[in-house]
file structure.cif (mmCIF, C-alpha atoms, pLDDT in the B column; chains and numbers go by the auth columns)
data_start
loop_
_atom_site.group_PDB
_atom_site.id
_atom_site.type_symbol
_atom_site.label_atom_id
_atom_site.label_comp_id
_atom_site.label_asym_id
_atom_site.label_seq_id
_atom_site.Cartn_x
_atom_site.Cartn_y
_atom_site.Cartn_z
_atom_site.B_iso_or_equiv
_atom_site.auth_seq_id
_atom_site.auth_asym_id
ATOM 1 C CA MET A 1 0.000 0.000 0.000 93.00 205 A
ATOM 2 C CA MET A 2 1.338 3.373 -1.004 96.00 206 A
ATOM 3 C CA ARG A 3 1.349 6.258 1.472 97.00 207 A
ATOM 4 C CA ILE A 4 0.615 9.801 0.256 97.00 208 A
ATOM 5 C CA ALA A 5 1.154 12.999 2.253 98.00 209 A
ATOM 6 C CA LEU A 6 -1.481 15.595 1.422 96.00 210 A
ATOM 7 C CA PRO A 7 -1.291 19.246 2.501 94.00 211 A
ATOM 8 C CA LYS A 8 -3.782 20.916 4.765 88.00 212 A
ATOM 9 C CA GLY A 9 -4.868 24.255 3.388 84.00 213 A
ATOM 10 C CA ARG A 10 -5.005 25.750 -0.079 82.00 214 A
ATOM 11 C CA ASN A 11 -3.659 22.751 -2.019 92.00 215 A
ATOM 12 C CA LEU A 12 -5.783 20.025 -0.429 92.00 216 A
ATOM 13 C CA GLU A 13 -8.966 20.685 -2.400 92.00 217 A
ATOM 14 C CA VAL A 14 -6.950 20.835 -5.622 95.00 218 A
ATOM 15 C CA ALA A 15 -5.341 17.470 -4.882 96.00 219 A
ATOM 16 C CA LEU A 16 -8.615 15.806 -3.887 94.00 220 A
ATOM 17 C CA ALA A 17 -10.429 17.042 -6.998 95.00 221 A
ATOM 18 C CA ALA A 18 -7.617 15.883 -9.268 97.00 222 A
ATOM 19 C CA PHE A 19 -7.342 12.437 -7.665 97.00 223 A
ATOM 20 C CA ARG A 20 -11.105 11.935 -7.801 96.00 224 A
ATOM 21 C CA ALA A 21 -11.132 12.979 -11.456 97.00 225 A
ATOM 22 C CA ALA A 22 -8.488 10.292 -11.975 97.00 226 A
ATOM 23 C CA GLY A 23 -10.862 7.676 -10.552 97.00 227 A
ATOM 24 C CA LEU A 24 -9.875 7.461 -6.892 96.00 228 A
ATOM 25 C CA SER A 25 -12.828 7.442 -4.510 93.00 229 A
ATOM 26 C CA LEU A 26 -11.021 8.875 -1.455 91.00 230 A
ATOM 27 C CA ALA A 27 -14.149 7.967 0.490 85.00 231 A
ATOM 28 C CA GLY A 28 -14.423 9.801 3.810 78.00 232 A
ATOM 29 C CA LEU A 29 -11.608 12.236 3.035 79.00 233 A
ATOM 30 C CA ASP A 30 -12.510 15.890 2.766 69.00 234 A
ATOM 31 C CA ASN A 31 -11.099 19.306 3.609 54.00 235 A
ATOM 32 C CA GLY A 32 -13.170 19.601 6.769 55.00 236 A
ATOM 33 C CA GLY A 33 -12.113 16.357 8.430 63.00 237 A
ATOM 34 C CA ARG A 34 -9.904 16.175 11.514 71.00 238 A
ATOM 35 C CA LYS A 35 -8.278 12.781 10.999 81.00 239 A
ATOM 36 C CA LEU A 36 -4.560 13.016 10.302 89.00 240 A
ATOM 37 C CA ARG A 37 -4.095 9.461 9.021 92.00 241 A
ATOM 38 C CA MET A 38 -6.519 7.342 7.015 91.00 242 A
ATOM 39 C CA THR A 39 -6.333 3.980 5.284 92.00 243 A
ATOM 40 C CA LEU A 40 -8.372 3.865 2.071 92.00 244 A
ATOM 41 C CA GLU A 41 -8.616 0.166 1.254 92.00 245 A
ATOM 42 C CA GLU A 42 -10.649 0.753 -1.907 91.00 246 A
ATOM 43 C CA ASP A 43 -7.913 2.932 -3.398 94.00 247 A
ATOM 44 C CA GLY A 44 -4.993 0.978 -1.948 93.00 248 A
ATOM 45 C CA LEU A 45 -3.659 4.108 -0.259 95.00 249 A
ATOM 46 C CA GLU A 46 -2.806 5.429 3.149 96.00 250 A
ATOM 47 C CA ILE A 47 -3.284 9.193 3.470 95.00 251 A
ATOM 48 C CA LEU A 48 -1.390 11.505 5.823 96.00 252 A
ATOM 49 C CA LEU A 49 -2.698 15.035 6.296 94.00 253 A
ATOM 50 C CA VAL A 50 0.156 17.373 7.204 95.00 254 A
ATOM 51 C CA LYS A 51 1.104 21.027 6.861 94.00 255 A
ATOM 52 C CA ASP A 52 2.176 22.050 3.367 91.00 256 A
ATOM 53 C CA TRP A 53 5.725 22.822 4.527 95.00 257 A
ATOM 54 C CA ASP A 54 6.027 19.393 6.190 97.00 258 A
ATOM 55 C CA VAL A 55 5.087 17.358 3.103 98.00 259 A
ATOM 56 C CA VAL A 56 8.643 17.682 1.798 97.00 260 A
ATOM 57 C CA LEU A 57 10.169 16.214 4.982 97.00 261 A
ATOM 58 C CA TYR A 58 7.734 13.302 5.147 98.00 262 A
ATOM 59 C CA VAL A 59 8.554 12.383 1.544 98.00 263 A
ATOM 60 C CA GLU A 60 12.310 13.088 1.773 96.00 264 A
ATOM 61 C CA TYR A 61 12.663 10.872 4.844 96.00 265 A
ATOM 62 C CA GLY A 62 10.601 8.059 3.343 96.00 266 A
ATOM 63 C CA ILE A 63 7.702 8.324 5.791 97.00 267 A
ATOM 64 C CA ALA A 64 5.441 9.003 2.815 98.00 268 A
ATOM 65 C CA ASP A 65 6.085 7.594 -0.644 98.00 269 A
ATOM 66 C CA CYS A 66 4.755 10.634 -2.441 98.00 270 A
ATOM 67 C CA GLY A 67 2.881 13.834 -1.702 98.00 271 A
ATOM 68 C CA VAL A 68 1.403 17.061 -2.994 98.00 272 A
ATOM 69 C CA VAL A 69 3.199 20.313 -2.258 97.00 273 A
ATOM 70 C CA GLY A 70 3.438 23.810 -3.702 96.00 274 A
ATOM 71 C CA SER A 71 6.331 24.610 -6.016 97.00 275 A
ATOM 72 C CA ASP A 72 7.083 27.579 -3.721 97.00 276 A
ATOM 73 C CA VAL A 73 7.935 25.160 -0.898 97.00 277 A
ATOM 74 C CA LEU A 74 10.039 22.980 -3.226 97.00 278 A
ATOM 75 C CA GLU A 75 12.008 26.010 -4.376 96.00 279 A
ATOM 76 C CA GLU A 76 12.556 27.296 -0.851 98.00 280 A
ATOM 77 C CA THR A 77 13.627 23.974 0.662 97.00 281 A
ATOM 78 C CA GLY A 78 15.666 22.744 -2.300 96.00 282 A
ATOM 79 C CA ALA A 79 14.303 19.238 -1.705 95.00 283 A
ATOM 80 C CA ASP A 80 15.764 16.453 -3.849 95.00 284 A
ATOM 81 C CA LEU A 81 12.453 14.952 -4.943 98.00 285 A
ATOM 82 C CA LEU A 82 11.042 13.737 -8.232 98.00 286 A
ATOM 83 C CA VAL A 83 8.224 15.873 -9.664 98.00 287 A
ATOM 84 C CA PRO A 84 6.258 13.644 -12.069 97.00 288 A
ATOM 85 C CA VAL A 85 3.480 16.197 -12.743 98.00 289 A
ATOM 86 C CA ARG A 86 2.196 19.633 -11.768 98.00 290 A
ATOM 87 C CA PHE A 87 -1.500 20.312 -11.221 98.00 291 A
ATOM 88 C CA LYS A 88 -3.385 22.699 -13.504 97.00 292 A
ATOM 89 C CA GLU A 89 -5.617 24.098 -10.780 97.00 293 A
ATOM 90 C CA GLY A 90 -4.582 25.981 -7.649 96.00 294 A
ATOM 91 C CA GLY A 91 -2.028 28.183 -9.341 96.00 295 A
ATOM 92 C CA SER A 92 -0.792 31.438 -7.836 96.00 296 A
ATOM 93 C CA ARG A 93 2.272 33.604 -8.206 97.00 297 A
ATOM 94 C CA MET A 94 5.205 34.708 -6.111 98.00 298 A
ATOM 95 C CA SER A 95 5.586 38.458 -6.318 98.00 299 A
ATOM 96 C CA LEU A 96 7.414 41.462 -4.955 97.00 300 A
ATOM 97 C CA ILE A 97 4.953 43.647 -3.045 97.00 301 A
ATOM 98 C CA GLY A 98 5.194 47.234 -1.876 96.00 302 A
ATOM 99 C CA LYS A 99 3.355 50.475 -1.148 94.00 303 A
ATOM 100 C CA SER A 100 4.223 52.349 -4.315 86.00 304 A
ATOM 101 C CA GLY A 101 3.851 51.353 -7.928 85.00 305 A
ATOM 102 C CA THR A 102 7.602 51.298 -8.542 89.00 306 A
ATOM 103 C CA LEU A 103 10.473 49.093 -7.449 93.00 307 A
ATOM 104 C CA PRO A 104 13.377 50.525 -5.415 94.00 308 A
ATOM 105 C CA ALA A 105 15.928 52.499 -7.420 94.00 309 A
ATOM 106 C CA PRO A 106 19.097 50.720 -8.606 95.00 310 A
ATOM 107 C CA GLY A 107 21.782 50.844 -5.934 96.00 311 A
ATOM 108 C CA ALA A 108 19.315 51.228 -3.073 96.00 312 A
ATOM 109 C CA HIS A 109 19.783 49.313 0.166 96.00 313 A
ATOM 110 C CA ILE A 110 16.465 47.855 1.268 96.00 314 A
ATOM 111 C CA ARG A 111 14.851 45.482 3.710 98.00 315 A
ATOM 112 C CA LEU A 112 12.820 42.663 2.191 98.00 316 A
ATOM 113 C CA ALA A 113 10.321 40.727 4.325 98.00 317 A
ATOM 114 C CA THR A 114 9.309 37.179 3.429 98.00 318 A
ATOM 115 C CA LYS A 115 8.762 33.654 4.686 97.00 319 A
ATOM 116 C CA TYR A 116 10.944 32.487 1.775 98.00 320 A
ATOM 117 C CA PRO A 117 14.440 33.730 2.726 98.00 321 A
ATOM 118 C CA ASN A 118 16.361 31.290 0.521 98.00 322 A
ATOM 119 C CA THR A 119 14.229 32.119 -2.508 98.00 323 A
ATOM 120 C CA ALA A 120 14.505 35.822 -1.706 98.00 324 A
ATOM 121 C CA ARG A 121 18.295 35.707 -1.678 97.00 325 A
ATOM 122 C CA ARG A 122 18.283 34.022 -5.106 96.00 326 A
ATOM 123 C CA VAL A 123 15.856 36.639 -6.422 96.00 327 A
ATOM 124 C CA LEU A 124 18.031 39.443 -5.070 96.00 328 A
ATOM 125 C CA THR A 125 21.105 38.224 -6.946 95.00 329 A
ATOM 126 C CA GLU A 126 19.270 39.271 -10.121 93.00 330 A
ATOM 127 C CA ARG A 127 18.161 42.681 -8.813 94.00 331 A
ATOM 128 C CA PRO A 128 20.196 45.934 -8.629 95.00 332 A
ATOM 129 C CA TRP A 129 19.812 46.427 -4.869 95.00 333 A
ATOM 130 C CA SER A 130 21.582 45.367 -1.722 94.00 334 A
ATOM 131 C CA ALA A 131 19.153 44.022 0.834 95.00 335 A
ATOM 132 C CA GLU A 132 18.637 42.711 4.315 97.00 336 A
ATOM 133 C CA VAL A 133 16.224 39.763 4.273 98.00 337 A
ATOM 134 C CA LEU A 134 13.800 39.608 7.206 98.00 338 A
ATOM 135 C CA LYS A 135 12.079 36.269 7.763 98.00 339 A
ATOM 136 C CA LEU A 136 8.474 36.473 8.912 97.00 340 A
ATOM 137 C CA HIS A 137 6.057 33.601 9.500 94.00 341 A
ATOM 138 C CA GLY A 138 2.786 35.311 8.636 90.00 342 A
ATOM 139 C CA SER A 139 1.035 38.576 7.686 92.00 343 A
ATOM 140 C CA ILE A 140 3.887 39.426 5.334 96.00 344 A
ATOM 141 C CA GLU A 141 1.915 42.366 3.916 93.00 345 A
ATOM 142 C CA LEU A 142 2.180 44.220 7.231 95.00 346 A
ATOM 143 C CA ALA A 143 5.928 44.668 6.779 97.00 347 A
ATOM 144 C CA PRO A 144 5.773 47.278 3.984 96.00 348 A
ATOM 145 C CA LEU A 145 2.593 48.772 5.449 94.00 349 A
ATOM 146 C CA LEU A 146 4.331 49.533 8.758 95.00 350 A
ATOM 147 C CA ASN A 147 7.743 50.291 7.234 95.00 351 A
ATOM 148 C CA LEU A 148 9.442 47.240 8.675 97.00 352 A
ATOM 149 C CA ALA A 149 10.599 46.606 5.105 97.00 353 A
ATOM 150 C CA GLU A 150 10.434 48.474 1.816 96.00 354 A
ATOM 151 C CA ILE A 151 9.175 45.437 -0.076 97.00 355 A
ATOM 152 C CA ALA A 152 7.907 41.925 0.604 98.00 356 A
ATOM 153 C CA LEU A 153 8.145 38.664 -1.304 98.00 357 A
ATOM 154 C CA ASP A 154 4.996 36.597 -0.942 97.00 358 A
ATOM 155 C CA ILE A 155 2.360 34.477 -2.659 96.00 359 A
ATOM 156 C CA VAL A 156 -0.442 36.319 -4.452 96.00 360 A
ATOM 157 C CA GLN A 157 -3.622 34.539 -5.533 91.00 361 A
ATOM 158 C CA THR A 158 -6.480 36.969 -6.222 90.00 362 A
ATOM 159 C CA GLY A 159 -4.669 40.138 -5.138 91.00 363 A
ATOM 160 C CA ARG A 160 -7.641 41.173 -2.988 91.00 364 A
ATOM 161 C CA THR A 161 -5.569 41.499 0.191 90.00 365 A
ATOM 162 C CA LEU A 162 -3.199 43.869 -1.592 93.00 366 A
ATOM 163 C CA VAL A 163 -6.007 46.060 -2.882 92.00 367 A
ATOM 164 C CA GLU A 164 -7.673 46.249 0.533 92.00 368 A
ATOM 165 C CA ASN A 165 -4.386 47.368 2.099 91.00 369 A
ATOM 166 C CA ASP A 166 -3.302 49.833 -0.608 92.00 370 A
ATOM 167 C CA LEU A 167 -0.378 47.668 -1.681 95.00 371 A
ATOM 168 C CA ASP A 168 0.847 46.986 -5.202 96.00 372 A
ATOM 169 C CA GLU A 169 2.113 43.838 -6.863 96.00 373 A
ATOM 170 C CA LEU A 170 5.368 45.303 -8.152 96.00 374 A
ATOM 171 C CA GLU A 171 6.788 42.330 -10.030 96.00 375 A
ATOM 172 C CA THR A 172 5.883 38.668 -10.550 97.00 376 A
ATOM 173 C CA VAL A 173 8.897 36.521 -9.710 97.00 377 A
ATOM 174 C CA ALA A 174 7.515 33.031 -10.434 97.00 378 A
ATOM 175 C CA ASP A 175 4.335 31.122 -11.207 97.00 379 A
ATOM 176 C CA ILE A 176 3.449 28.753 -8.369 97.00 380 A
ATOM 177 C CA MET A 177 1.466 25.524 -8.668 97.00 381 A
ATOM 178 C CA PRO A 178 0.813 22.375 -6.629 98.00 382 A
ATOM 179 C CA CYS A 179 3.068 19.457 -7.581 98.00 383 A
ATOM 180 C CA LEU A 180 2.965 15.709 -7.163 98.00 384 A
ATOM 181 C CA VAL A 181 6.319 14.700 -5.662 98.00 385 A
ATOM 182 C CA ALA A 182 7.904 11.336 -4.932 98.00 386 A
ATOM 183 C CA GLY A 183 10.993 10.152 -3.116 97.00 387 A
ATOM 184 C CA ARG A 184 13.584 8.487 -5.338 96.00 388 A
ATOM 185 C CA ALA A 185 13.644 5.231 -3.374 96.00 389 A
ATOM 186 C CA ALA A 186 9.852 5.229 -3.093 96.00 390 A
ATOM 187 C CA TYR A 187 9.533 5.681 -6.846 96.00 391 A
ATOM 188 C CA GLN A 188 11.644 2.591 -7.455 96.00 392 A
ATOM 189 C CA ARG A 189 9.583 0.651 -4.918 96.00 393 A
ATOM 190 C CA HIS A 190 6.185 1.806 -6.190 96.00 394 A
ATOM 191 C CA ARG A 191 7.013 2.586 -9.818 97.00 395 A
ATOM 192 C CA PRO A 192 3.964 0.797 -11.358 96.00 396 A
ATOM 193 C CA THR A 193 1.546 2.387 -8.869 96.00 397 A
ATOM 194 C CA ILE A 194 2.966 5.899 -9.239 97.00 398 A
ATOM 195 C CA ASN A 195 3.138 5.637 -13.032 97.00 399 A
ATOM 196 C CA ASP A 196 -0.465 4.413 -13.106 97.00 400 A
ATOM 197 C CA LEU A 197 -1.568 7.354 -10.948 97.00 401 A
ATOM 198 C CA VAL A 198 0.299 9.809 -13.175 97.00 402 A
ATOM 199 C CA ASP A 199 -1.231 8.251 -16.297 98.00 403 A
ATOM 200 C CA ARG A 200 -4.739 8.536 -14.816 97.00 404 A
ATOM 201 C CA LEU A 201 -4.154 12.173 -13.798 98.00 405 A
ATOM 202 C CA GLU A 202 -2.935 12.990 -17.311 98.00 406 A
ATOM 203 C CA LYS A 203 -5.927 11.287 -18.927 98.00 407 A
ATOM 204 C CA ALA A 204 -8.241 13.229 -16.606 98.00 408 A
ATOM 205 C CA GLY A 205 -6.625 16.458 -17.864 98.00 409 A
ATOM 206 C CA THR A 206 -5.804 17.711 -14.362 97.00 410 A
ATOM 207 C CA VAL A 207 -2.010 17.988 -14.683 97.00 411 A
ATOM 208 C CA PHE A 208 0.755 19.338 -16.875 95.00 412 A
#

call {"tool": "encode", "arguments": {"input": "structure.cif", "output": "structure tokens"}}
result
Amino acid sequence: MMRIALPKGRNLEVALAAFRAAGLSLAGLDNGGRKLRMTLEEDGLEILLVKDWDVVLYVEYGIADCGVVGSDVLEETGADLLVPVRFKEGGSRMSLIGKSGTLPAPGAHIRLATKYPNTARRVLTERPWSAEVLKLHGSIELAPLLNLAEIALDIVQTGRTLVENDLDELETVADIMPCLVAGRAAYQRHRPTINDLVDRLEKAGTVF
């Protein structure tokens, strides 16, 4: 039986819809449940429900054979995982955010607030500023609002939060989408099962 780590939060509904479109029943599993571990005999799967940022660790350490995680988390952690497919739904973007409609002037020294410090440092190597990166764990938009930082690097979906707080999306850095990931050893162990799942997802038209 293959074990899949699914993320609580924004990517769970995307994953469930895609898997069901591929023919899995996932009976009893929904976004409002409180169980953290479920055995789905009909589908031949065991499901773990964990935080999005923890999916990578569960798969990397072989606790789960595969999982669903955002490409933002993969980029930030640098996890050495296989990415067989990326889901079409649930996309967002990683953007630079600030109070004005313009980016800092070339040569400026700035503070950049984000929960993605590793990604931010890579982004900054391609920008004409020197910067201090401040790691925050939530409410990233408050940093430029309260002048903790000149700009922020964060995920934008609808942009409504920015509009309501008089912030601008200054530059899109990357498109973000949920990904199916697998550990290398797990892929060798469950190759037929994973390949079958990927084939079914592709036929259902839910992945790239």

call {"tool": "resolve_selection", "arguments": {"input": "structure.cif", "expression": "the PyMOL selection byres ((chain A and resi 249) around 9)", "output": "PDB file with C-alpha atoms, in the frame of the given file"}}
result
ATOM      1  CA  MET A 205       0.000   0.000   0.000  1.00 93.00           C
ATOM      2  CA  MET A 206       1.338   3.373  -1.004  1.00 96.00           C
ATOM      3  CA  ARG A 207       1.349   6.258   1.472  1.00 97.00           C
ATOM      4  CA  ILE A 208       0.615   9.801   0.256  1.00 97.00           C
ATOM      5  CA  LEU A 230     -11.021   8.875  -1.455  1.00 91.00           C
ATOM      6  CA  MET A 242      -6.519   7.342   7.015  1.00 91.00           C
ATOM      7  CA  THR A 243      -6.333   3.980   5.284  1.00 92.00           C
ATOM      8  CA  LEU A 244      -8.372   3.865   2.071  1.00 92.00           C
ATOM      9  CA  GLU A 245      -8.616   0.166   1.254  1.00 92.00           C
ATOM     10  CA  GLU A 246     -10.649   0.753  -1.907  1.00 91.00           C
ATOM     11  CA  ASP A 247      -7.913   2.932  -3.398  1.00 94.00           C
ATOM     12  CA  GLY A 248      -4.993   0.978  -1.948  1.00 93.00           C
ATOM     13  CA  GLU A 250      -2.806   5.429   3.149  1.00 96.00           C
ATOM     14  CA  ILE A 251      -3.284   9.193   3.470  1.00 95.00           C
TER      15      ILE A 251
END

call {"tool": "residues_around", "arguments": {"input": "structure.cif", "residues": "region 354-369 of chain A", "least_positions_apart": "4", "cutoff": "10 Å", "atoms": "only C-alpha atoms", "output": "PyMOL selection string"}}
result
chain A and resi 276+294-304+307-308+313-321+323-324+327+335+337-338+340+342-350+373-380

call {"tool": "atom_distance", "arguments": {"input": "structure.cif", "atom1": "CA of Ala389 (chain A)", "atom2": "CA of Glu279 (chain A)"}}
result
20.9 Å

call {"tool": "resolve_selection", "arguments": {"input": "structure.cif", "expression": "the PyMOL selection byres ((chain A and resi 224) around 12)", "output": "PyMOL selection string"}}
result
chain A and resi 217-223+225-231+233-234+247+401+404-405+408-410

call {"tool": "resolve_selection", "arguments": {"input": "structure.cif", "expression": "the PyMOL selection byres ((chain A and resi 282) around 12)", "output": "CSV table (one decimal) with C-alpha atoms, keeping the file's coordinate frame"}}
result
chain,number,residue,atom,x,y,z
A,260,VAL,CA,8.6,17.7,1.8
A,261,LEU,CA,10.2,16.2,5.0
A,264,GLU,CA,12.3,13.1,1.8
A,275,SER,CA,6.3,24.6,-6.0
A,276,ASP,CA,7.1,27.6,-3.7
A,277,VAL,CA,7.9,25.2,-0.9
A,278,LEU,CA,10.0,23.0,-3.2
A,279,GLU,CA,12.0,26.0,-4.4
A,280,GLU,CA,12.6,27.3,-0.9
A,281,THR,CA,13.6,24.0,0.7
A,283,ALA,CA,14.3,19.2,-1.7
A,284,ASP,CA,15.8,16.5,-3.8
A,285,LEU,CA,12.5,15.0,-4.9
A,286,LEU,CA,11.0,13.7,-8.2
A,320,TYR,CA,10.9,32.5,1.8
A,322,ASN,CA,16.4,31.3,0.5
A,323,THR,CA,14.2,32.1,-2.5
A,326,ARG,CA,18.3,34.0,-5.1

call {"tool": "closest_residue", "arguments": {"input": "structure.cif", "among": "A:Asp372, A:Pro382, A:Gly311, A:Leu240", "to": "Leu216 (chain A)", "atoms": "all atoms listed in the file"}}
result
A:Pro382

call {"tool": "atom_distance", "arguments": {"input": "structure.cif", "atom1": "CA of Leu252 (chain A)", "atom2": "CA of Leu210 (chain A)"}}
result
6.0 Å

call {"tool": "closest_residue", "arguments": {"input": "structure.cif", "among": "A:Ile267, A:Leu352, A:Leu328, A:Leu384", "to": "Val402 (chain A)", "atoms": "only C-alpha atoms"}}
result
A:Leu384

call {"tool": "residues_around", "arguments": {"input": "structure.cif", "residues": "Asp258 (chain A)", "least_positions_apart": "6", "cutoff": "9 Å", "atoms": "only C-alpha atoms", "output": "PyMOL selection string"}}
result
chain A and resi 209+211+273

call {"tool": "residues_around", "arguments": {"input": "structure.cif", "residues": "region 396-399 of chain A", "least_positions_apart": "4", "cutoff": "9 Å", "atoms": "all atoms listed in the file", "output": "CSV table (one decimal) with C-alpha atoms, in the frame of the given file"}}
result
chain,number,residue,atom,x,y,z
A,206,MET,CA,1.3,3.4,-1.0
A,270,CYS,CA,4.8,10.6,-2.4
A,288,PRO,CA,6.3,13.6,-12.1
A,386,ALA,CA,7.9,11.3,-4.9
A,391,TYR,CA,9.5,5.7,-6.8
A,392,GLN,CA,11.6,2.6,-7.5
A,403,ASP,CA,-1.2,8.3,-16.3
A,404,ARG,CA,-4.7,8.5,-14.8

call {"tool": "decode", "arguments": {"input": "structure.cif", "residues": "region 319-337 of chain A", "atoms": "N, CA and C atoms", "output": "PDB file, in the first residue's frame"}}
result
ATOM      1  N   LYS A 319       8.589  34.937   4.019  1.00  0.00           N
ATOM      2  CA  LYS A 319       8.762  33.654   4.686  1.00  0.00           C
ATOM      3  C   LYS A 319       9.570  32.707   3.800  1.00  0.00           C
ATOM      4  N   TYR A 320      10.125  33.258   2.717  1.00  0.00           N
ATOM      5  CA  TYR A 320      10.944  32.487   1.775  1.00  0.00           C
ATOM      6  C   TYR A 320      12.345  33.097   1.690  1.00  0.00           C
ATOM      7  N   PRO A 321      13.140  33.037   2.753  1.00  0.00           N
ATOM      8  CA  PRO A 321      14.440  33.730   2.726  1.00  0.00           C
ATOM      9  C   PRO A 321      15.419  33.172   1.694  1.00  0.00           C
ATOM     10  N   ASN A 322      15.433  31.867   1.504  1.00  0.00           N
ATOM     11  CA  ASN A 322      16.361  31.290   0.521  1.00  0.00           C
ATOM     12  C   ASN A 322      15.989  31.719  -0.895  1.00  0.00           C
ATOM     13  N   THR A 323      14.694  31.668  -1.200  1.00  0.00           N
ATOM     14  CA  THR A 323      14.229  32.119  -2.508  1.00  0.00           C
ATOM     15  C   THR A 323      14.503  33.607  -2.677  1.00  0.00           C
ATOM     16  N   ALA A 324      14.280  34.377  -1.632  1.00  0.00           N
ATOM     17  CA  ALA A 324      14.505  35.822  -1.706  1.00  0.00           C
ATOM     18  C   ALA A 324      15.957  36.134  -2.038  1.00  0.00           C
ATOM     19  N   ARG A 325      16.872  35.428  -1.415  1.00  0.00           N
ATOM     20  CA  ARG A 325      18.295  35.707  -1.678  1.00  0.00           C
ATOM     21  C   ARG A 325      18.643  35.386  -3.133  1.00  0.00           C
ATOM     22  N   ARG A 326      18.036  34.325  -3.691  1.00  0.00           N
ATOM     23  CA  ARG A 326      18.283  34.022  -5.106  1.00  0.00           C
ATOM     24  C   ARG A 326      17.685  35.109  -6.003  1.00  0.00           C
ATOM     25  N   VAL A 327      16.488  35.566  -5.648  1.00  0.00           N
ATOM     26  CA  VAL A 327      15.856  36.639  -6.422  1.00  0.00           C
ATOM     27  C   VAL A 327      16.712  37.899  -6.385  1.00  0.00           C
ATOM     28  N   LEU A 328      17.266  38.208  -5.237  1.00  0.00           N
ATOM     29  CA  LEU A 328      18.031  39.443  -5.070  1.00  0.00           C
ATOM     30  C   LEU A 328      19.342  39.438  -5.847  1.00  0.00           C
ATOM     31  N   THR A 329      19.875  38.265  -6.145  1.00  0.00           N
ATOM     32  CA  THR A 329      21.105  38.224  -6.946  1.00  0.00           C
ATOM     33  C   THR A 329      20.870  38.750  -8.355  1.00  0.00           C
ATOM     34  N   GLU A 330      19.604  38.792  -8.777  1.00  0.00           N
ATOM     35  CA  GLU A 330      19.270  39.271 -10.121  1.00  0.00           C
ATOM     36  C   GLU A 330      18.664  40.677 -10.096  1.00  0.00           C
ATOM     37  N   ARG A 331      18.725  41.345  -8.943  1.00  0.00           N
ATOM     38  CA  ARG A 331      18.161  42.681  -8.813  1.00  0.00           C
ATOM     39  C   ARG A 331      19.268  43.673  -8.452  1.00  0.00           C
ATOM     40  N   PRO A 332      19.112  44.943  -8.828  1.00  0.00           N
ATOM     41  CA  PRO A 332      20.196  45.934  -8.629  1.00  0.00           C
ATOM     42  C   PRO A 332      20.163  46.599  -7.261  1.00  0.00           C
ATOM     43  N   TRP A 333      19.840  45.848  -6.209  1.00  0.00           N
ATOM     44  CA  TRP A 333      19.812  46.427  -4.869  1.00  0.00           C
ATOM     45  C   TRP A 333      20.646  45.566  -3.937  1.00  0.00           C
ATOM     46  N   SER A 334      21.082  46.152  -2.853  1.00  0.00           N
ATOM     47  CA  SER A 334      21.582  45.367  -1.722  1.00  0.00           C
ATOM     48  C   SER A 334      20.437  45.295  -0.729  1.00  0.00           C
ATOM     49  N   ALA A 335      20.354  44.195   0.002  1.00  0.00           N
ATOM     50  CA  ALA A 335      19.153  44.022   0.834  1.00  0.00           C
ATOM     51  C   ALA A 335      19.441  43.205   2.075  1.00  0.00           C
ATOM     52  N   GLU A 336      18.705  43.524   3.113  1.00  0.00           N
ATOM     53  CA  GLU A 336      18.637  42.711   4.315  1.00  0.00           C
ATOM     54  C   GLU A 336      17.327  41.924   4.240  1.00  0.00           C
ATOM     55  N   VAL A 337      17.412  40.601   4.356  1.00  0.00           N
ATOM     56  CA  VAL A 337      16.224  39.763   4.273  1.00  0.00           C
ATOM     57  C   VAL A 337      15.701  39.489   5.679  1.00  0.00           C
TER      58      VAL A 337
END
